[in-house]
Structures are given as C-alpha cells and as structure tokens.
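Listing of work.pdb; format and content: PDB, N, CA and C atoms.
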MODEL        1
ATOM      1  N   MET X 393      -7.449   1.400  17.036
ATOM      2  CA  MET X 393      -8.395   2.202  16.276
ATOM      3  C   MET X 393      -8.548   3.628  16.801
ATOM      4  N   PRO X 394      -8.525   3.853  18.110
ATOM      5  CA  PRO X 394      -8.680   5.246  18.566
ATOM      6  C   PRO X 394      -7.613   6.177  18.019
ATOM      7  N   LYS X 395      -6.409   5.677  17.793
ATOM      8  CA  LYS X 395      -5.343   6.529  17.274
ATOM      9  C   LYS X 395      -5.612   6.958  15.833
ATOM     10  N   LEU X 396      -6.414   6.193  15.108
ATOM     11  CA  LEU X 396      -6.725   6.547  13.720
ATOM     12  C   LEU X 396      -7.678   7.725  13.626
ATOM     13  N   ALA X 397      -8.446   7.979  14.656
ATOM     14  CA  ALA X 397      -9.401   9.098  14.624
ATOM     15  C   ALA X 397      -8.697  10.422  14.369
ATOM     16  N   LYS X 398      -7.510  10.614  14.967
ATOM     17  CA  LYS X 398      -6.785  11.871  14.778
ATOM     18  C   LYS X 398      -6.380  12.078  13.321
ATOM     19  N   ILE X 399      -5.903  11.025  12.657
ATOM     20  CA  ILE X 399      -5.450  11.210  11.279
ATOM     21  C   ILE X 399      -6.604  11.324  10.299
ATOM     22  N   GLN X 400      -7.781  10.866  10.690
ATOM     23  CA  GLN X 400      -8.937  10.987   9.807
ATOM     24  C   GLN X 400      -9.479  12.405   9.806
ATOM     25  N   CYS X 401      -9.120  13.180  10.789
ATOM     26  CA  CYS X 401      -9.638  14.542  10.893
ATOM     27  C   CYS X 401      -8.625  15.598  10.468
ATOM     28  N   ASN X 402      -7.547  15.758  11.257
ATOM     29  CA  ASN X 402      -6.658  16.871  10.953
ATOM     30  C   ASN X 402      -5.185  16.524  10.988
ATOM     31  N   GLU X 403      -4.801  15.390  11.519
ATOM     32  CA  GLU X 403      -3.394  15.022  11.573
ATOM     33  C   GLU X 403      -3.129  13.934  10.536
ATOM     34  N   LEU X 404      -2.672  14.338   9.363
ATOM     35  CA  LEU X 404      -2.515  13.405   8.252
ATOM     36  C   LEU X 404      -1.125  12.770   8.225
ATOM     37  N   PHE X 405      -0.576  12.492   9.391
ATOM     38  CA  PHE X 405       0.738  11.887   9.492
ATOM     39  C   PHE X 405       0.704  10.785  10.540
ATOM     40  N   ILE X 406       1.247   9.622  10.193
ATOM     41  CA  ILE X 406       1.346   8.529  11.155
ATOM     42  C   ILE X 406       2.825   8.360  11.491
ATOM     43  N   ASP X 407       3.155   8.494  12.741
ATOM     44  CA  ASP X 407       4.522   8.298  13.196
ATOM     45  C   ASP X 407       4.953   6.867  12.872
ATOM     46  N   ASN X 408       6.134   6.706  12.288
ATOM     47  CA  ASN X 408       6.628   5.371  11.916
ATOM     48  C   ASN X 408       6.608   4.395  13.078
ATOM     49  N   TYR X 409       6.807   4.890  14.288
ATOM     50  CA  TYR X 409       6.858   4.007  15.449
ATOM     51  C   TYR X 409       5.474   3.526  15.881
ATOM     52  N   LEU X 410       4.421   4.087  15.284
ATOM     53  CA  LEU X 410       3.064   3.622  15.570
ATOM     54  C   LEU X 410       2.564   2.635  14.523
ATOM     55  N   GLY X 411       3.225   2.580  13.382
ATOM     56  CA  GLY X 411       2.743   1.702  12.310
ATOM     57  C   GLY X 411       3.823   0.871  11.668
ATOM     58  N   CYS X 412       4.744   1.524  10.976
ATOM     59  CA  CYS X 412       5.766   0.832  10.191
ATOM     60  C   CYS X 412       6.689  -0.038  11.036
ATOM     61  N   VAL X 413       7.204   0.521  12.110
ATOM     62  CA  VAL X 413       8.182  -0.210  12.921
ATOM     63  C   VAL X 413       7.576  -1.473  13.532
ATOM     64  N   PRO X 414       6.422  -1.390  14.206
ATOM     65  CA  PRO X 414       5.856  -2.616  14.786
ATOM     66  C   PRO X 414       5.489  -3.671  13.736
ATOM     67  N   LEU X 415       5.137  -3.222  12.532
ATOM     68  CA  LEU X 415       4.747  -4.157  11.472
ATOM     69  C   LEU X 415       5.916  -4.635  10.632
ATOM     70  N   GLY X 416       7.098  -4.057  10.842
ATOM     71  CA  GLY X 416       8.277  -4.469  10.084
ATOM     72  C   GLY X 416       8.322  -3.931   8.664
ATOM     73  N   VAL X 417       7.587  -2.848   8.391
ATOM     74  CA  VAL X 417       7.555  -2.245   7.061
ATOM     75  C   VAL X 417       8.835  -1.457   6.834
ATOM     76  N   GLU X 418       9.464  -1.680   5.679
ATOM     77  CA  GLU X 418      10.698  -0.972   5.345
ATOM     78  C   GLU X 418      10.435   0.027   4.223
ATOM     79  N   GLU X 419      11.304   1.038   4.126
ATOM     80  CA  GLU X 419      11.157   2.040   3.069
ATOM     81  C   GLU X 419      11.304   1.381   1.708
ATOM     82  N   ASP X 420      10.623   1.963   0.701
ATOM     83  CA  ASP X 420      10.651   1.423  -0.644
ATOM     84  C   ASP X 420      10.720   2.586  -1.621
ATOM     85  N   ASN X 421      11.038   2.286  -2.858
ATOM     86  CA  ASN X 421      11.067   3.290  -3.908
ATOM     87  C   ASN X 421       9.670   3.376  -4.498
ATOM     88  N   ILE X 422       8.920   4.398  -4.119
ATOM     89  CA  ILE X 422       7.521   4.515  -4.533
ATOM     90  C   ILE X 422       7.383   4.653  -6.043
ATOM     91  N   ASP X 423       8.300   5.369  -6.690
ATOM     92  CA  ASP X 423       8.220   5.515  -8.149
ATOM     93  C   ASP X 423       8.380   4.162  -8.834
ATOM     94  N   SER X 424       9.310   3.367  -8.359
ATOM     95  CA  SER X 424       9.520   2.035  -8.919
ATOM     96  C   SER X 424       8.303   1.144  -8.665
ATOM     97  N   ALA X 425       7.733   1.232  -7.465
ATOM     98  CA  ALA X 425       6.565   0.421  -7.125
ATOM     99  C   ALA X 425       5.370   0.772  -8.004
ATOM    100  N   ILE X 426       5.171   2.053  -8.268
ATOM    101  CA  ILE X 426       4.072   2.482  -9.141
ATOM    102  C   ILE X 426       4.311   1.961 -10.559
ATOM    103  N   GLY X 427       5.547   2.065 -11.038
ATOM    104  CA  GLY X 427       5.873   1.546 -12.373
ATOM    105  C   GLY X 427       5.623   0.052 -12.471
ATOM    106  N   ASP X 428       6.039  -0.706 -11.438
ATOM    107  CA  ASP X 428       5.796  -2.154 -11.425
ATOM    108  C   ASP X 428       4.308  -2.460 -11.468
ATOM    109  N   SER X 429       3.535  -1.689 -10.719
ATOM    110  CA  SER X 429       2.084  -1.899 -10.676
ATOM    111  C   SER X 429       1.443  -1.628 -12.037
ATOM    112  N   VAL X 430       1.866  -0.561 -12.698
ATOM    113  CA  VAL X 430       1.330  -0.226 -14.021
ATOM    114  C   VAL X 430       1.693  -1.315 -15.033
ATOM    115  N   ARG X 431       2.949  -1.786 -14.978
ATOM    116  CA  ARG X 431       3.359  -2.863 -15.900
ATOM    117  C   ARG X 431       2.541  -4.128 -15.673
ATOM    118  N   LEU X 432       2.324  -4.477 -14.414
ATOM    119  CA  LEU X 432       1.532  -5.668 -14.120
ATOM    120  C   LEU X 432       0.099  -5.507 -14.619
ATOM    121  N   CYS X 433      -0.495  -4.344 -14.384
ATOM    122  CA  CYS X 433      -1.863  -4.097 -14.867
ATOM    123  C   CYS X 433      -1.939  -4.234 -16.381
ATOM    124  N   THR X 434      -0.948  -3.693 -17.072
ATOM    125  CA  THR X 434      -0.908  -3.799 -18.536
ATOM    126  C   THR X 434      -0.791  -5.262 -18.963
ATOM    127  N   ASP X 435       0.063  -6.015 -18.297
ATOM    128  CA  ASP X 435       0.212  -7.439 -18.613
ATOM    129  C   ASP X 435      -1.082  -8.201 -18.363
ATOM    130  N   ILE X 436      -1.790  -7.861 -17.304
ATOM    131  CA  ILE X 436      -3.066  -8.529 -17.006
ATOM    132  C   ILE X 436      -4.079  -8.233 -18.105
ATOM    133  N   ILE X 437      -4.177  -6.971 -18.495
ATOM    134  CA  ILE X 437      -5.124  -6.580 -19.546
ATOM    135  C   ILE X 437      -4.807  -7.289 -20.856
ATOM    136  N   GLN X 438      -3.516  -7.458 -21.156
ATOM    137  CA  GLN X 438      -3.104  -8.102 -22.404
ATOM    138  C   GLN X 438      -3.069  -9.626 -22.290
ATOM    139  N   GLY X 439      -3.440 -10.151 -21.141
ATOM    140  CA  GLY X 439      -3.478 -11.603 -20.959
ATOM    141  C   GLY X 439      -2.095 -12.236 -20.791
ATOM    142  N   LYS X 440      -1.099 -11.438 -20.452
ATOM    143  CA  LYS X 440       0.264 -11.956 -20.292
ATOM    144  C   LYS X 440       0.557 -12.372 -18.846
ATOM    145  N   ALA X 441      -0.311 -12.031 -17.927
ATOM    146  CA  ALA X 441      -0.097 -12.381 -16.519
ATOM    147  C   ALA X 441      -1.342 -13.066 -15.996
ATOM    148  N   LYS X 442      -1.155 -14.106 -15.225
ATOM    149  CA  LYS X 442      -2.289 -14.813 -14.634
ATOM    150  C   LYS X 442      -2.639 -14.192 -13.292
ATOM    151  N   THR X 443      -3.905 -14.138 -13.015
ATOM    152  CA  THR X 443      -4.373 -13.607 -11.734
ATOM    153  C   THR X 443      -5.376 -14.578 -11.136
ATOM    154  N   ILE X 444      -5.689 -14.358  -9.893
ATOM    155  CA  ILE X 444      -6.722 -15.164  -9.252
ATOM    156  C   ILE X 444      -7.918 -14.272  -8.971
ATOM    157  N   GLY X 445      -9.080 -14.843  -9.028
ATOM    158  CA  GLY X 445     -10.284 -14.079  -8.722
ATOM    159  C   GLY X 445     -10.538 -14.089  -7.228
ATOM    160  N   MET X 446     -11.072 -13.004  -6.750
ATOM    161  CA  MET X 446     -11.410 -12.916  -5.327
ATOM    162  C   MET X 446     -12.802 -12.327  -5.191
ATOM    163  N   LYS X 447     -13.658 -13.031  -4.506
ATOM    164  CA  LYS X 447     -14.968 -12.481  -4.216
ATOM    165  C   LYS X 447     -15.447 -13.033  -2.885
ATOM    166  N   GLY X 448     -16.046 -12.170  -2.114
ATOM    167  CA  GLY X 448     -16.558 -12.592  -0.822
ATOM    168  C   GLY X 448     -17.860 -13.370  -0.985
ATOM    169  N   GLU X 449     -17.934 -14.452  -0.288
ATOM    170  CA  GLU X 449     -19.165 -15.240  -0.371
ATOM    171  C   GLU X 449     -19.652 -15.587   1.012
TER     172      GLU X 449
ENDMDL
END
Render the structure in this file as structure tokens.
Amino acid sequence: MPKLAKIQCNELFIDNYLGCVPLGVEEDNIDSAIGDSVRLCTDIIQGKAKTIGMKGE
C-alpha cells in the first residue's frame, strides 16, 4: 500500500515489475476488450446473457 501513495498524487505510472509481472498479467488488446464489454452489456440489457447478482450482506 505505501507504494500506491505516489501514484495517487503525482506519479501516474506503475512499473510493470511492481504489479503486472508478480501477478502474471499479460498485455491485451484494450480496444477489443472494450468492444467485448460493450457487446456483453448490450446482451445483458436485451436479456440474451445470464448474469449473477452480487450484493454484500
């Protein structure tokens, strides 16, 4: 958590070796991911995709 303080103020960059690499995150096509997300949202609204409800209790 202390390392996050810097990016919350003035350093808006996280070195891959501090986040992505240890977590095993790989590069992705962000445009494709956004398109997939929009399509899924549209399918949910139209009742074509099933979802699960989540609420904290």
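Rounded to one decimal, atom C of Leu415 of chain X and atom CA of Gly427 of chain X lie 23.8 Å from each other.
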Determine which residues of chain X DSSP labels as helix (DSSP H, G or I) from the backbone of this structure, then write them out as a ChimeraX atom specification. /X:394-401,408-410,412-415,422-437
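Atom CA of Thr443 of chain X to atom CA of Ser424 of chain X spans 21.1 Å [interatomic distance, one decimal].
Coordinates place atom N of Ile444 of chain X at a distance of 11.6 Å from atom C of Leu432 of chain X.
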Padding of 6 Å on every side, edges along x, y and z, all listed atoms of segment 404-421 of chain X included: what centre and edge lengths in Å, to one decimal, does that box have, as AutoDock Vina command-line options?
--center_x 4.3 --center_y 4.9 --center_z 5.7 --size_x 26.0 --size_y 31.0 --size_z 32.4
Output as a compact mmCIF listing (two decimals), in the frame of the given file: segment 405-431 of chain X, completed with N, CA, C and O atoms.
# COMPACT_ATOMS: atom_id res chain seq x y z
N PHE X 405 -0.58 12.49 9.39
CA PHE X 405 0.74 11.89 9.49
C PHE X 405 0.70 10.78 10.54
O PHE X 405 0.17 10.97 11.62
N ILE X 406 1.25 9.62 10.19
CA ILE X 406 1.35 8.53 11.16
C ILE X 406 2.82 8.36 11.49
O ILE X 406 3.64 8.10 10.61
N ASP X 407 3.16 8.49 12.74
CA ASP X 407 4.52 8.30 13.20
C ASP X 407 4.95 6.87 12.87
O ASP X 407 4.21 5.91 13.13
N ASN X 408 6.13 6.71 12.29
CA ASN X 408 6.63 5.37 11.92
C ASN X 408 6.61 4.39 13.08
O ASN X 408 6.42 3.20 12.90
N TYR X 409 6.81 4.89 14.29
CA TYR X 409 6.86 4.01 15.45
C TYR X 409 5.47 3.53 15.88
O TYR X 409 5.35 2.66 16.73
N LEU X 410 4.42 4.09 15.28
CA LEU X 410 3.06 3.62 15.57
C LEU X 410 2.56 2.64 14.52
O LEU X 410 1.57 1.96 14.75
N GLY X 411 3.22 2.58 13.38
CA GLY X 411 2.74 1.70 12.31
C GLY X 411 3.82 0.87 11.67
O GLY X 411 3.85 -0.34 11.79
N CYS X 412 4.74 1.52 10.98
CA CYS X 412 5.77 0.83 10.19
C CYS X 412 6.69 -0.04 11.04
O CYS X 412 6.94 -1.19 10.70
N VAL X 413 7.20 0.52 12.11
CA VAL X 413 8.18 -0.21 12.92
C VAL X 413 7.58 -1.47 13.53
O VAL X 413 8.12 -2.57 13.37
N PRO X 414 6.42 -1.39 14.21
CA PRO X 414 5.86 -2.62 14.79
C PRO X 414 5.49 -3.67 13.74
O PRO X 414 5.53 -4.87 14.01
N LEU X 415 5.14 -3.22 12.53
CA LEU X 415 4.75 -4.16 11.47
C LEU X 415 5.92 -4.64 10.63
O LEU X 415 5.77 -5.50 9.77
N GLY X 416 7.10 -4.06 10.84
CA GLY X 416 8.28 -4.47 10.08
C GLY X 416 8.32 -3.93 8.66
O GLY X 416 9.02 -4.46 7.81
N VAL X 417 7.59 -2.85 8.39
CA VAL X 417 7.56 -2.24 7.06
C VAL X 417 8.84 -1.46 6.83
O VAL X 417 9.25 -0.68 7.68
N GLU X 418 9.46 -1.68 5.68
CA GLU X 418 10.70 -0.97 5.34
C GLU X 418 10.44 0.03 4.22
O GLU X 418 9.48 -0.12 3.46
N GLU X 419 11.30 1.04 4.13
CA GLU X 419 11.16 2.04 3.07
C GLU X 419 11.30 1.38 1.71
O GLU X 419 12.00 0.39 1.55
N ASP X 420 10.62 1.96 0.70
CA ASP X 420 10.65 1.42 -0.64
C ASP X 420 10.72 2.59 -1.62
O ASP X 420 10.47 3.73 -1.27
N ASN X 421 11.04 2.29 -2.86
CA ASN X 421 11.07 3.29 -3.91
C ASN X 421 9.67 3.38 -4.50
O ASN X 421 9.26 2.51 -5.27
N ILE X 422 8.92 4.40 -4.12
CA ILE X 422 7.52 4.51 -4.53
C ILE X 422 7.38 4.65 -6.04
O ILE X 422 6.47 4.09 -6.64
N ASP X 423 8.30 5.37 -6.69
CA ASP X 423 8.22 5.52 -8.15
C ASP X 423 8.38 4.16 -8.83
O ASP X 423 7.65 3.84 -9.77
N SER X 424 9.31 3.37 -8.36
CA SER X 424 9.52 2.04 -8.92
C SER X 424 8.30 1.14 -8.66
O SER X 424 7.87 0.40 -9.55
N ALA X 425 7.73 1.23 -7.46
CA ALA X 425 6.56 0.42 -7.12
C ALA X 425 5.37 0.77 -8.00
O ALA X 425 4.64 -0.11 -8.46
N ILE X 426 5.17 2.05 -8.27
CA ILE X 426 4.07 2.48 -9.14
C ILE X 426 4.31 1.96 -10.56
O ILE X 426 3.39 1.45 -11.21
N GLY X 427 5.55 2.06 -11.04
CA GLY X 427 5.87 1.55 -12.37
C GLY X 427 5.62 0.05 -12.47
O GLY X 427 5.05 -0.43 -13.45
N ASP X 428 6.04 -0.71 -11.44
CA ASP X 428 5.80 -2.15 -11.42
C ASP X 428 4.31 -2.46 -11.47
O ASP X 428 3.86 -3.39 -12.16
N SER X 429 3.54 -1.69 -10.72
CA SER X 429 2.08 -1.90 -10.68
C SER X 429 1.44 -1.63 -12.04
O SER X 429 0.59 -2.39 -12.50
N VAL X 430 1.87 -0.56 -12.70
CA VAL X 430 1.33 -0.23 -14.02
C VAL X 430 1.69 -1.32 -15.03
O VAL X 430 0.85 -1.74 -15.83
N ARG X 431 2.95 -1.79 -14.98
CA ARG X 431 3.36 -2.86 -15.90
C ARG X 431 2.54 -4.13 -15.67
O ARG X 431 2.10 -4.78 -16.63
